[in-house]
Every structure is written in structure tokens, then in C-alpha cells.
$ cat structure34.cif   # mmCIF, C-alpha atoms
data_input
loop_
_atom_site.label_atom_id
_atom_site.label_comp_id
_atom_site.auth_asym_id
_atom_site.auth_seq_id
_atom_site.Cartn_x
_atom_site.Cartn_y
_atom_site.Cartn_z
CA MET P 5 0.00 0.00 0.00
CA ILE P 6 1.28 3.46 -0.89
CA ASP P 7 1.87 5.80 2.03
CA ALA P 8 -0.73 8.59 1.93
CA ARG P 9 1.86 11.38 1.96
CA VAL P 10 3.79 9.70 -0.83
CA ARG P 11 0.62 9.29 -2.87
CA GLY P 12 0.11 13.04 -2.71
CA ALA P 13 3.74 13.72 -3.65
CA LEU P 14 3.59 11.45 -6.69
CA ARG P 15 0.32 12.94 -7.92
CA LYS P 16 1.74 16.43 -7.49
CA SER P 17 4.82 15.50 -9.54
CA LEU P 18 2.61 14.15 -12.33
CA SER P 19 0.39 17.25 -12.36
CA THR P 20 3.40 19.57 -12.27
CA ALA P 21 4.94 17.70 -15.19
CA ALA P 22 1.71 18.05 -17.17
CA ALA P 23 1.53 21.79 -16.45
CA GLU P 24 5.17 22.31 -17.39
CA SER P 25 4.62 20.49 -20.67
CA GLY P 26 1.91 22.98 -21.51
CA ARG P 27 4.09 26.01 -20.77
CA GLY P 28 7.11 24.53 -22.49
CA ALA P 29 5.39 23.26 -25.63
CA GLY P 30 7.99 22.57 -28.30
CA ILE P 31 10.91 22.72 -25.88
CA SER P 32 13.14 19.67 -26.19
CA PRO P 33 13.82 17.81 -22.93
CA LEU P 34 17.44 17.70 -24.16
CA ASN P 35 17.83 21.49 -24.21
CA PRO P 36 20.16 22.32 -21.28
CA GLU P 37 20.25 26.01 -22.16
CA ASP P 38 16.59 26.53 -21.30
CA ASP P 39 16.99 26.77 -17.55
CA GLY P 40 13.26 27.37 -17.18
CA SER P 41 12.45 23.83 -18.24
CA ILE P 42 12.34 21.23 -15.46
CA TRP P 43 12.43 18.60 -18.19
CA VAL P 44 16.16 19.07 -18.64
CA GLY P 45 17.86 15.75 -18.05
CA ALA P 46 20.27 13.16 -19.41
CA GLY P 47 18.28 11.77 -22.29
CA PRO P 48 14.61 11.71 -23.25
CA GLY P 49 13.54 10.33 -19.88
CA PHE P 50 13.73 11.61 -16.33
CA ARG P 51 17.20 10.75 -15.10
CA PRO P 52 17.86 13.67 -12.76
CA TRP P 53 21.04 15.55 -12.07
CA PHE P 54 22.25 16.93 -8.75
CA ILE P 55 24.03 20.01 -7.45
CA ALA P 56 26.15 20.22 -4.28
CA ASP P 57 26.59 23.44 -2.32
CA SER P 58 29.73 24.50 -0.44
CA ALA P 59 28.61 22.54 2.64
CA GLY P 60 28.20 19.35 0.61
CA ARG P 61 24.39 19.37 0.70
CA PHE P 62 22.73 18.04 -2.43
CA SER P 63 19.77 19.48 -4.29
CA CYS P 64 18.10 18.47 -7.54
CA ARG P 65 16.93 20.70 -10.39
CA GLN P 66 14.14 18.22 -11.14
CA SER P 67 12.65 18.30 -7.61
CA PRO P 68 9.23 19.55 -8.82
CA ILE P 69 8.79 16.33 -10.83
CA PHE P 70 11.11 14.04 -8.88
CA GLY P 71 8.21 11.73 -8.05
CA LEU P 72 8.35 10.57 -11.64
CA CYS P 73 11.74 9.00 -10.84
CA LEU P 74 9.98 6.80 -8.28
CA ILE P 75 7.32 5.84 -10.80
CA ARG P 76 9.95 5.01 -13.41
CA ALA P 77 11.97 2.92 -10.95
CA ALA P 78 8.89 1.00 -9.79
CA LEU P 79 7.62 0.17 -13.28
CA ARG P 80 11.05 -0.84 -14.57
CA SER P 81 11.46 -3.04 -11.52
CA ALA P 82 8.12 -4.68 -12.26
CA PHE P 83 9.39 -5.94 -15.62
CA ILE P 84 12.78 -7.09 -14.33
CA THR P 85 11.21 -8.73 -11.29
CA THR P 86 8.58 -10.53 -13.34
CA ARG P 87 11.13 -11.81 -15.82
CA ALA P 88 13.51 -13.00 -13.10
CA ILE P 89 10.66 -14.80 -11.31
CA SER P 90 9.78 -16.47 -14.60
CA ALA P 91 13.39 -17.58 -15.14
CA GLY P 92 13.51 -18.89 -11.56
CA ASP P 93 10.31 -20.87 -12.10
CA LEU P 94 11.82 -22.57 -15.16
CA LEU P 95 14.96 -23.50 -13.22
CA GLN P 96 13.05 -24.63 -10.16
CA GLY P 97 10.90 -26.87 -12.34
CA GLN P 98 14.08 -28.72 -13.32
CA LYS P 99 15.28 -28.80 -9.69
CA PHE P 100 18.19 -26.43 -10.28
CA HIS P 101 17.78 -25.05 -6.77
CA ALA P 102 20.94 -22.92 -6.69
CA ALA P 103 20.28 -21.28 -10.06
CA ALA P 104 16.62 -20.74 -9.14
CA THR P 105 17.69 -19.18 -5.83
CA ALA P 106 19.97 -16.77 -7.70
CA MET P 107 17.18 -15.73 -10.07
CA TYR P 108 14.62 -15.27 -7.30
CA TYR P 109 17.15 -13.19 -5.38
CA THR P 110 17.66 -11.08 -8.52
CA ALA P 111 13.90 -10.63 -8.74
CA ALA P 112 13.72 -9.47 -5.13
CA PHE P 113 16.75 -7.20 -5.47
CA HIS P 114 15.08 -5.28 -8.30
CA GLY P 115 11.63 -5.61 -6.77
CA LEU P 116 12.86 -3.62 -3.77
CA ASP P 117 12.47 -0.49 -5.92
CA GLY P 118 8.71 -1.01 -5.83
CA LEU P 119 8.55 -1.11 -2.04
CA LEU P 120 10.85 1.89 -1.71
CA ALA P 121 8.68 3.85 -4.14
CA THR P 122 5.54 3.26 -2.07
CA ARG P 123 7.42 4.68 0.91
CA GLY P 124 8.73 7.72 -0.95
CA ARG P 125 12.28 6.58 -1.62
CA VAL P 126 14.22 5.94 -4.82
CA LEU P 127 17.84 5.03 -5.53
CA VAL P 128 19.18 6.92 -8.56
CA GLN P 129 22.08 5.32 -10.36
CA PRO P 130 24.32 6.70 -11.77
CA ALA P 131 24.34 9.92 -9.76
CA LEU P 132 25.09 12.72 -12.21
CA GLY P 133 26.17 16.31 -11.60
CA GLN P 134 24.63 19.34 -13.25
CA VAL P 135 24.24 19.02 -17.02
CA ARG P 136 25.88 21.61 -19.24
CA PRO P 137 26.10 22.06 -23.01
CA TYR P 138 29.35 21.94 -24.89
CA ARG P 139 30.00 22.72 -28.53
CA HIS P 140 32.46 21.25 -30.94
CA GLU P 141 33.03 21.92 -34.61
CA LEU P 142 32.24 19.28 -37.20
CA PRO P 143 33.66 19.08 -40.73
CA HIS P 144 32.58 21.83 -43.10
CA GLY P 145 32.07 24.27 -40.22
CA ALA P 146 28.98 22.68 -38.69
CA ILE P 147 28.57 22.99 -34.92
CA SER P 148 27.39 20.15 -32.68
CA VAL P 149 26.03 20.70 -29.17
CA GLY P 150 26.44 17.88 -26.68
CA LEU P 151 25.97 17.38 -22.95
CA LYS P 152 28.43 16.93 -20.14
CA PHE P 153 28.05 16.74 -16.38
CA ASP P 154 29.81 18.52 -13.54
CA PRO P 155 31.55 16.16 -11.10
CA LEU P 156 29.88 15.60 -7.72
CA PRO P 157 31.83 15.68 -4.44
CA LYS P 158 33.47 12.31 -3.73
CA ASN P 159 31.86 10.99 -6.94
CA PRO P 160 28.92 9.09 -5.37
CA GLU P 161 27.68 6.22 -7.53
CA VAL P 162 24.16 6.20 -6.09
CA MET P 163 21.89 8.98 -4.80
CA CYS P 164 18.92 8.30 -2.56
CA GLY P 165 15.98 10.65 -2.96
CA ALA P 166 13.44 10.58 -0.12
CA TRP P 167 10.16 12.40 0.54
CA THR P 168 10.44 13.94 4.01
CA ARG P 169 7.91 14.64 6.74
CA GLN P 170 8.33 18.33 5.88
CA GLY P 171 6.95 17.71 2.39
CA THR P 172 10.22 18.16 0.50
CA TRP P 173 12.72 15.91 -1.25
CA SER P 174 16.03 15.20 0.45
CA PHE P 175 19.05 13.70 -1.30
CA GLU P 176 21.90 11.68 0.17
CA PRO P 177 24.75 9.71 -1.43
CA ARG P 178 24.79 5.94 -1.03
CA ARG P 179 27.25 3.12 -1.54
CA ARG P 180 26.72 0.75 -4.44
CA ASP P 181 26.53 -2.78 -3.07
CA HIS P 182 23.87 -5.34 -2.19
CA VAL P 183 23.93 -4.88 1.58
CA ALA P 184 23.73 -1.09 1.25
CA ARG P 185 20.71 -1.42 -1.03
CA TRP P 186 18.82 -3.71 1.36
CA ARG P 187 19.66 -1.36 4.24
CA GLU P 188 17.12 1.07 2.82
CA LEU P 189 14.65 -1.18 4.66
CA LYS P 190 16.03 0.31 7.89
CA GLN P 191 15.09 3.78 6.65
CA ILE P 192 11.55 2.58 5.96
CA VAL P 193 10.97 1.36 9.51
CA SER P 194 12.55 4.49 10.98
CA ALA P 195 9.45 6.44 9.93
CA LYS P 196 6.86 6.95 12.65
CA GLY P 197 4.45 4.05 12.84
CA ALA P 198 6.04 2.25 9.87
CA GLU P 199 6.33 -1.52 9.77
CA LEU P 200 7.92 -3.99 7.41
CA PRO P 201 5.52 -5.99 5.23
CA GLU P 202 5.03 -9.52 6.50
CA TYR P 203 6.63 -11.06 3.41
CA VAL P 204 9.83 -9.07 4.11
CA VAL P 205 9.83 -10.15 7.76
CA GLU P 206 9.46 -13.79 6.72
CA ALA P 207 12.32 -13.58 4.21
CA LEU P 208 14.68 -11.89 6.68
CA SER P 209 13.72 -14.40 9.34
CA TYR P 210 14.45 -17.30 7.00
CA ALA P 211 17.79 -15.83 5.88
CA SER P 212 19.00 -15.11 9.40
CA GLY P 213 17.45 -18.11 11.10
CA GLU P 214 15.88 -15.78 13.63
CA SER P 215 12.38 -16.11 15.07
CA LEU P 216 9.57 -13.95 13.70
CA ALA P 217 9.19 -12.68 17.25
CA GLU P 218 12.54 -10.87 17.14
CA SER P 219 12.44 -7.06 17.11
CA SER P 220 12.59 -5.28 13.75
CA SER P 221 15.98 -3.73 14.52
CA GLU P 222 17.55 -7.08 15.40
CA LEU P 223 15.95 -8.78 12.43
CA LEU P 224 17.22 -6.11 10.05
CA GLU P 225 20.70 -6.10 11.56
CA GLN P 226 21.13 -9.84 11.12
CA GLY P 227 18.77 -10.52 8.24
CA ILE P 228 20.06 -8.03 5.68
CA PRO P 229 23.64 -9.35 5.35
CA ALA P 230 22.29 -12.90 5.61
CA LEU P 231 19.90 -12.22 2.73
CA ALA P 232 22.74 -10.90 0.56
CA ARG P 233 24.81 -14.01 1.37
CA LEU P 234 22.11 -16.24 -0.12
CA ARG P 235 22.89 -14.74 -3.52
CA HIS P 236 26.63 -15.24 -3.06
CA GLN P 237 26.19 -18.85 -2.00
CA ALA P 238 23.86 -19.63 -4.90
CA LEU P 239 26.08 -18.02 -7.54
CA TYR P 240 29.53 -19.01 -6.35
CA GLU P 241 29.02 -22.12 -4.25
CA GLY P 242 26.06 -23.76 -5.97
CA PHE P 243 24.33 -23.73 -2.59
CA GLY P 244 20.64 -23.19 -3.26
CA TYR P 245 18.92 -25.55 -0.85
CA ASP P 246 17.79 -25.38 2.74
CA ASP P 247 20.75 -26.85 4.63
CA GLU P 248 18.69 -28.52 7.34
CA ALA P 249 16.48 -30.22 4.77
CA PHE P 250 19.57 -31.36 2.87
CA ASP P 251 21.10 -32.85 6.02
CA ALA P 252 17.86 -34.67 6.74
CA ALA P 253 17.73 -36.06 3.20
CA ALA P 254 21.41 -37.12 3.30
CA ASN P 255 20.79 -38.94 6.59
CA GLN P 256 17.67 -40.53 5.08
CA VAL P 257 15.51 -38.94 7.75
CA ASN P 258 13.85 -37.21 4.82
CA PRO P 259 14.58 -39.58 1.90
CA TYR P 260 12.37 -37.72 -0.59
CA GLY P 261 14.22 -34.42 -0.22
CA ILE P 262 11.16 -32.51 0.94
CA GLY P 263 12.19 -28.96 1.80
CA LEU P 264 15.19 -28.78 -0.54
CA ASP P 265 13.45 -25.92 -2.37
CA ALA P 266 12.81 -23.90 0.79
CA ARG P 267 15.52 -21.35 0.08
CA ALA P 268 14.31 -20.67 -3.45
CA SER P 269 10.69 -20.62 -2.32
CA SER P 270 11.44 -18.08 0.41
CA LEU P 271 13.07 -15.70 -2.06
CA ARG P 272 10.28 -16.22 -4.58
CA ASN P 273 7.69 -15.23 -1.97
CA LEU P 274 9.75 -12.12 -1.23
CA SER P 275 10.00 -11.15 -4.89
CA VAL P 276 6.27 -11.67 -5.51
CA GLY P 277 5.45 -9.47 -2.51
CA LEU P 278 7.76 -6.72 -3.74
CA LEU P 279 6.26 -6.95 -7.22
CA SER P 280 2.84 -6.20 -5.75
CA GLU P 281 4.19 -2.89 -4.43
CA ALA P 282 5.39 -1.86 -7.89
CA LEU P 283 1.96 -2.71 -9.30
CA ALA P 284 0.38 -0.38 -6.72
CA ILE P 285 2.50 2.45 -8.14
CA ALA P 286 1.22 1.58 -11.62
CA ASP P 287 -2.36 1.77 -10.34
CA LEU P 288 -1.70 5.27 -8.99
CA LEU P 289 -0.36 6.34 -12.38
CA PHE P 290 -3.39 5.00 -14.23
CA GLU P 291 -5.71 6.60 -11.67
CA TRP P 292 -4.09 10.00 -12.21
CA GLU P 293 -4.17 9.71 -16.00
CA ALA P 294 -7.85 8.73 -15.99
CA GLU P 295 -8.70 12.08 -14.40
CA GLY P 296 -8.08 13.72 -17.77
CA TYR P 297 -5.32 16.26 -17.12
CA GLU P 298 -4.39 18.47 -20.03
CA ASN P 299 -1.05 17.38 -21.53
CA ALA P 300 -1.24 14.03 -19.72
CA ASN P 301 -0.32 12.39 -23.03
CA ILE P 302 2.99 14.28 -23.09
CA VAL P 303 3.78 13.02 -19.60
CA ARG P 304 2.77 9.53 -20.66
CA THR P 305 5.05 9.56 -23.70
CA ARG P 306 8.08 10.85 -21.86
CA LEU P 307 7.55 8.54 -18.91
CA ALA P 308 7.07 5.56 -21.24
CA LEU P 309 10.31 6.38 -23.05
CA SER P 310 12.07 6.69 -19.71
CA ILE P 311 10.79 3.31 -18.49
CA LEU P 312 11.88 1.58 -21.70
CA MET P 313 15.38 3.10 -21.72
CA PRO P 314 17.83 1.46 -21.33
CA THR P 315 16.11 -1.13 -23.50
CA PHE P 316 15.10 -4.41 -21.90
CA GLU P 317 16.82 -7.49 -23.30
CA PHE P 318 13.63 -9.55 -23.20
CA GLU P 319 10.05 -9.65 -24.37
CA ILE P 320 8.26 -7.70 -21.65
CA GLY P 321 4.94 -9.42 -22.29
CA SER P 322 6.27 -12.88 -21.39
CA TYR P 323 5.45 -14.28 -17.94
CA SER P 324 5.66 -17.49 -15.96
CA ASP P 325 2.46 -19.55 -15.97
CA LYS P 326 2.97 -19.94 -12.21
CA LEU P 327 2.15 -16.29 -11.59
CA ASP P 328 -1.44 -15.71 -10.57
CA SER P 329 -3.86 -14.37 -13.17
CA GLU P 330 -4.35 -11.07 -11.33
CA THR P 331 -0.63 -10.30 -11.43
CA ILE P 332 -0.40 -11.22 -15.11
CA ALA P 333 -3.37 -8.99 -15.90
CA ALA P 334 -1.78 -6.10 -14.00
CA MET P 335 1.50 -6.55 -15.87
CA GLN P 336 -0.30 -6.74 -19.20
CA ARG P 337 -2.02 -3.45 -18.43
CA ILE P 338 1.42 -1.83 -18.03
CA VAL P 339 2.60 -3.39 -21.31
CA ASP P 340 -0.47 -1.99 -23.08
CA TRP P 341 0.08 1.42 -21.50
CA LEU P 342 3.65 1.50 -22.80
CA SER P 343 2.60 0.50 -26.30
CA PRO P 344 2.44 3.26 -28.93
CA GLN P 345 -0.92 4.98 -28.97
CA LYS P 346 -3.11 4.34 -32.00
#
$ encode --input "structure34.cif" --output "C-alpha cells"
Amino acid sequence: MIDARVRGALRKSLSTAAAESGRGAGISPLNPEDDGSIWVGAGPGFRPWFIADSAGRFSCRQSPIFGLCLIRAALRSAFITTRAISAGDLLQGQKFHAAATAMYYTAAFHGLDGLLATRGRVLVQPALGQVRPYRHELPHGAISVGLKFDPLPKNPEVMCGAWTRQGTWSFEPRRRDHVARWRELKQIVSAKGAELPEYVVEALSYASGESLAESSSELLEQGIPALARLRHQALYEGFGYDDEAFDAAANQVNPYGIGLDARASSLRNLSVGLLSEALAIADLLFEWEAEGYENANIVRTRLALSILMPTFEFEIGSYSDKLDSETIAAMQRIVDWLSPQK
């Protein structure tokens, strides 16, 4: 479920983008010299750029429409998550538990963007400094204008944008590794009255071996690095099964190997839960568009381009037959929305 404050922030970003499109009709989103256009960015989508002041505090020129970055991240994650779940299902069907575990972990890793978006957080990668034009001369005297970016202090690879209680966006640099990415869950539960979804609690409990009754802080402290280790073990050690179930099978206490897919199943449940969060973001987008805002089509086109770039390496309308019909229908609605308008 989308946090109520975040819902308002995302709708405001969409409406602001629609209004700006009306005022800036005919202005290219690639025109860095038009400082009045909040569409300026690195490419035809919404990849933002950041500015640091003398104290090292970051701001973003695209703050008025920064909510679109969350929407983009959530919808891209929906496709990657769905495809990785589908790949995991194929592998699990052939009892390749380690490979299936790796794919389900990949699904969850990207699916995290959906959960973060519903809580007003997005991880922007790469983190780019302010965009500026540069000119160089081509043969026969022609002039070409390109884009370059100012360096950011300490060259952060990832920037976290978060909607604050004060109703503004804040920006902080982040490390680029698996544990750091999962640690954004700690920021979610730090909000007043916030709780982790049950499917996240179950996955962290499984990974760490801790009881569901443990406190959230203890579970996060132990569960996050343990969750990241599951990927490492699956990829580099071929270890994709529940170790206790394997021991029981090897000792013929459990001769049929029941439970050997527990690790993969746990990560699949996590990825499916995270996918549902991304689909909630899609519902918000469709809800806003249905209200008939002027220039909504311009927002739709630019957002669709942004979601599809970089290009996916797979057919985005292909899903596992083990996904429930409601999820498949929701994904198909996004595919149809991204399709060129007739």
C-alpha cells in the first residue's frame, strides 16, 4: 500500500509535469540552455542531475517532478522482477535449486524499488552532476552541441531521494553494493508508525534463522547481510537448498528431499510481494491519468520512453504460468500502456 503522503507527492509530480509540458510546448527535454524547463535531463527520460553546495548538501533541479523517478523505478522493476521470477520458475521446475535461488534473489533485489517507491524513496544510479552544453566543430564548419556533467563531491555512484515529513525531497549519497541497497529497509521502519511488510519479515527471518518474534531492529541487523549471502552462495558455491532439509535427506531422515526448495521458495515469496508494491504504483499512475489532465499524453510519452530506456533485453509481455492471473493482468495493463498509442 502506498503511504498517503507519498501518494500526494507522486500525484503532485505528475500534475506539475503536465503543467510544465503545456508552458514549455515545443521545448526539447534535451535542451540544457533553457533553464526554465524542469524537463532538462540526461536523455529523453527523467534521469535527474544533482548540485552540491559549499557545505556538501545536495539538491536536484528536477525536484518539482522528482516523483516521476519513483514511478519510473517502480515500473522498470516490475518488468525485471517478473522476468527474473519467470526464469527462476523454469529453473526450479528442473530442480536447479541454486540457479533458481539466484534468479529469485535477482527478482527481489530489483523488486525492492517497488517497495521503496511506495514509501517515498528511490535510488538513482548513476548519480550525475549538473548538465551543461558543450560545442564542438564538425567538418565543413557545422557545430554540434552535446551534454556533459559537472563532477559531484566524492563521486557518489548512487543517490537516494526521499520524501520527508516536511513535504520536500532530500538527497543523500549511497554506496553501491547489495547490503547497502537492502539497508534502505532500515530507513523505511525508521518512519513513525512504519512496519515492514510480512513477506519481508518472513524472508529476513528465513535468511538469518531468527524467530519472527525478534524485534525489527535485530531482524534487520542480522537478516540483511544474511539475505545478501544467499545470492553469493547460490552463484559461487552452488548452494541453493535449505541446509537442514539437505542434512535430513542425506541422513535418510527425509529420503524424498522434501524442503530442498525452501531457500528458493522463500526468495520467490519475497519477490512476488515486492512486485505487488510496484503494481500499486502503476495503479496510482493509471488513476491520475484517468482524471483527464491536459497534456497528460505528453507526460505519458516521456515517462514511457524513460521506463523503456535502457532497452530491456527480453520480451516484456512474457510471464511465468505460475504467476497468478491477477498479477499477469496487471503486468499486461502496463505493457499496453507503454505501447504506442493508436
$ resolve_selection --input "structure34.cif" --expression "the PyMOL selection byres ((chain P and resi 337-340) around 12)" --output "ChimeraX atom specification"
/P:76,78-80,82-83,282-290,304,308,311-312,319-323,330-336,341-346
$ atom_distance --input "structure34.cif" --atom1 "CA of Glu176 (chain P)" --atom2 "CA of Leu74 (chain P)"
15.4 Å
$ resolve_selection --input "structure34.cif" --expression "the PyMOL selection byres ((chain P and resi 278) around 6)" --output "list of chain:residue names"
P:Gly115, P:Leu116, P:Leu119, P:Ser275, P:Val276, P:Gly277, P:Leu279, P:Ser280, P:Glu281
$ resolve_selection --input "structure34.cif" --expression "the PyMOL selection byres ((chain P and resi 212) around 6)" --output "list of chain:residue names"
P:Ser209, P:Tyr210, P:Ala211, P:Gly213, P:Glu214, P:Gln226, P:Gly227, P:Ala230
$ residues_near_point --input "structure34.cif" --point "(18.3, -19.0, -5.9)" --cutoff "9 Å" --atoms "all atoms listed in the file" --output "list in words"
Gly92, Gln96, Phe100, His101, Ala102, Ala103, Ala104, Thr105, Ala106, Met107, Tyr108, Tyr109, Thr110, Leu234, Arg235, Gln237, Ala238, Leu239, Phe243, Gly244, Tyr245, Arg267, Ala268, Ser269, Leu271 and Arg272 of chain P
$ residues_near_point --input "structure34.cif" --point "(14.4, 6.8, -7.1)" --cutoff "10 Å" --atoms "only C-alpha atoms" --output "list of chain:residue names"
P:Arg51, P:Pro52, P:Phe70, P:Gly71, P:Leu72, P:Cys73, P:Leu74, P:Ile75, P:Arg76, P:Ala77, P:Ala78, P:Asp117, P:Gly118, P:Leu120, P:Ala121, P:Gly124, P:Arg125, P:Val126, P:Leu127, P:Val128, P:Gln129, P:Val162, P:Met163, P:Cys164, P:Gly165, P:Ala166
$ closest_residue --input "structure34.cif" --among "P:Gly60, P:Pro201, P:Gly12, P:Gly97" --to "Ser324 (chain P)" --atoms "all atoms listed in the file"
P:Gly97
$ atom_distance --input "structure34.cif" --atom1 "CA of Ala294 (chain P)" --atom2 "CA of Pro68 (chain P)"
21.5 Å
$ atom_distance --input "structure34.cif" --atom1 "CA of Ala300 (chain P)" --atom2 "CA of Ala22 (chain P)"
5.6 Å
$ residues_around --input "structure34.cif" --residues "region 61-63 of chain P" --least-positions-apart "3" --cutoff "8 Å" --atoms "all atoms listed in the file" --output "PyMOL selection string"
chain P and resi 54-58+67+174-176
$ residues_around --input "structure34.cif" --residues "Leu18 (chain P)" --least-positions-apart "2" --cutoff "8 Å" --atoms "all atoms listed in the file" --output "number ranges by chain"
P: 14-16, 20-22, 69, 71-72, 292, 303
$ residues_around --input "structure34.cif" --residues "Leu200 (chain P)" --least-positions-apart "6" --cutoff "8 Å" --atoms "all atoms listed in the file" --output "PyMOL selection string"
chain P and resi 189+192-193+220
$ axis_aligned_box --input "structure34.cif" --around "region 155-167 of chain P" --padding-each-side "6 Å" --output "JSON"
{"center_x": 21.8, "center_y": 11.2, "center_z": -5.3, "size_x": 35.3, "size_y": 22.0, "size_z": 23.6}
